[in-house]
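Asker: Can you read through this structure? Questions will come right after.
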Amino acid sequence: MARAVILLKLTREGAMSIEQARAVYEDTKIFFARTGYRIIDLYATLGEYDFVSIIEVPDQNVVEHLFRRGILAAAHGTFQVTTMPALPFEQFVKVVDEIRPPDGSSREEKLLKEIESL
């Protein structure tokens, strides 16, 4: 499973119908059950974003799944959605270790080789 952080900002319509938040959340849970998503956590926040959600999605076609989620939220007209795929810190460290240059080669050489392989 892959994780993503979803940042949600209420639209004007969403703020004016905030009492509908539970119904939107319930609709989202139904959608998640059909697509293999899992809500890890959902927070109401103060600041630039009104809600922050951490979700898990199946590894295959992660981007496609995240687009579906964004489209569903936008269809309600109540949220602006920002989605950020996320790695647990330990996995991030492994990625950093993988690109760390072996002794004797410069970091620039390693990065150039990595870019060329893309």
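Order determines the names: the first chain of the structure tokens is A, the second B, and so forth; residues in each chain are numbered 1 upward, and ligands are numbered 1 upward as they are shown.
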Fewer than 5 positions away in the same chain doesn't count, so skip those; otherwise give me all residues within 10 Å of Tyr37 of chain A, counting only C-alpha atoms, as a list of chain:residue names.
Answerer: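 In the requested format, the answer is A:Met1, A:Ala2, A:Arg3, A:Thr28, A:Lys29, A:Ile30, A:Phe31, A:Phe32, A:Ile55, A:Glu56, A:Val57, A:Pro58, A:His65, A:Leu66, A:Arg69.
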Asker: Got time to write the residues from that selection, C-alpha atoms, as a CSV table (one decimal), in the first residue's frame?
Answerer:
```
chain,number,residue,atom,x,y,z
A,1,MET,CA,0.0,0.0,0.0
A,2,ALA,CA,1.1,3.6,-0.8
A,3,ARG,CA,0.3,6.6,1.4
A,28,THR,CA,-16.1,9.3,0.8
A,29,LYS,CA,-15.9,6.2,3.0
A,30,ILE,CA,-18.3,4.4,0.6
A,31,PHE,CA,-16.0,5.5,-2.3
A,32,PHE,CA,-12.9,4.3,-0.4
A,55,ILE,CA,-4.8,7.7,3.3
A,56,GLU,CA,-3.5,4.4,2.0
A,57,VAL,CA,-4.1,3.4,-1.6
A,58,PRO,CA,-3.2,0.2,-3.5
A,65,HIS,CA,-6.5,6.4,-7.6
A,66,LEU,CA,-5.5,9.9,-6.3
A,69,ARG,CA,-10.3,10.9,-5.1
```
Asker: Taking only segment 13-42 of chain A into account, list the residues labelled strand (DSSP E) by DSSP (computed from the backbone), as a JSON list (two decimals) with N, CA and C atoms, in the first residue's frame.
Answerer:
```json
[["chain", "number", "residue", "atom", "x", "y", "z"],
["A", 38, "ARG", "N", -7.89, 3.38, 2.19],
["A", 38, "ARG", "CA", -8.12, 3.29, 3.63],
["A", 38, "ARG", "C", -7.72, 4.64, 4.24],
["A", 39, "ILE", "N", -8.63, 5.21, 5.01],
["A", 39, "ILE", "CA", -8.32, 6.46, 5.70],
["A", 39, "ILE", "C", -7.52, 6.10, 6.94],
["A", 40, "ILE", "N", -6.28, 6.60, 7.01],
["A", 40, "ILE", "CA", -5.44, 6.38, 8.19],
["A", 40, "ILE", "C", -5.86, 7.36, 9.29],
["A", 41, "ASP", "N", -5.98, 8.63, 8.92],
["A", 41, "ASP", "CA", -6.39, 9.67, 9.86],
["A", 41, "ASP", "C", -7.02, 10.82, 9.08],
["A", 42, "LEU", "N", -7.88, 11.55, 9.75],
["A", 42, "LEU", "CA", -8.49, 12.75, 9.20],
["A", 42, "LEU", "C", -8.54, 13.78, 10.32]]
```
Asker: Using only C-alpha atoms, which of the listed residues (A:Gly77, A:Glu109, A:Ile6, A:Ala33) sits closest to Ala21 of chain A?
Answerer: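 Of A:Gly77, A:Glu109, A:Ile6, A:Ala33, the one nearest Ala21 of chain A, counting only C-alpha atoms, is A:Gly77.
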Asker: Please report the interatomic distance between atom CA of Leu7 of chain A and atom CA of Glu90 of chain A in Å with one decimal.
Answerer: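 Distance reported for this atom pair: 22.7 Å.
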Asker: Taking only C-alpha atoms into account, name the residue in A:Phe79, A:Glu13, A:Ile115, A:Pro85 that is nearest to Tyr49 of chain A.
Answerer: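 Looking only at the distances to Tyr49 of chain A, the closest residue turns out to be A:Phe79.
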Asker: Expressed in Å to a single decimal, how great is the separation between atom CA of Thr45 of chain A and atom CA of Leu87 of chain A?
Answerer: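 Spanning atom CA of Thr45 of chain A to atom CA of Leu87 of chain A is a straight-line distance of 21.8 Å.
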Asker: Provide the atom CA of Asp97 of chain A to atom CA of Thr82 of chain A distance in Å, to one decimal place.
Answerer: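 So the answer is 28.8 Å.
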Asker: Skip Tyr43 of chain A itself and residues of its chain fewer than 6 positions away, then list as a ChimeraX atom specification all residues within 9 Å of it, counting only C-alpha atoms.
Answerer: /A:50-54
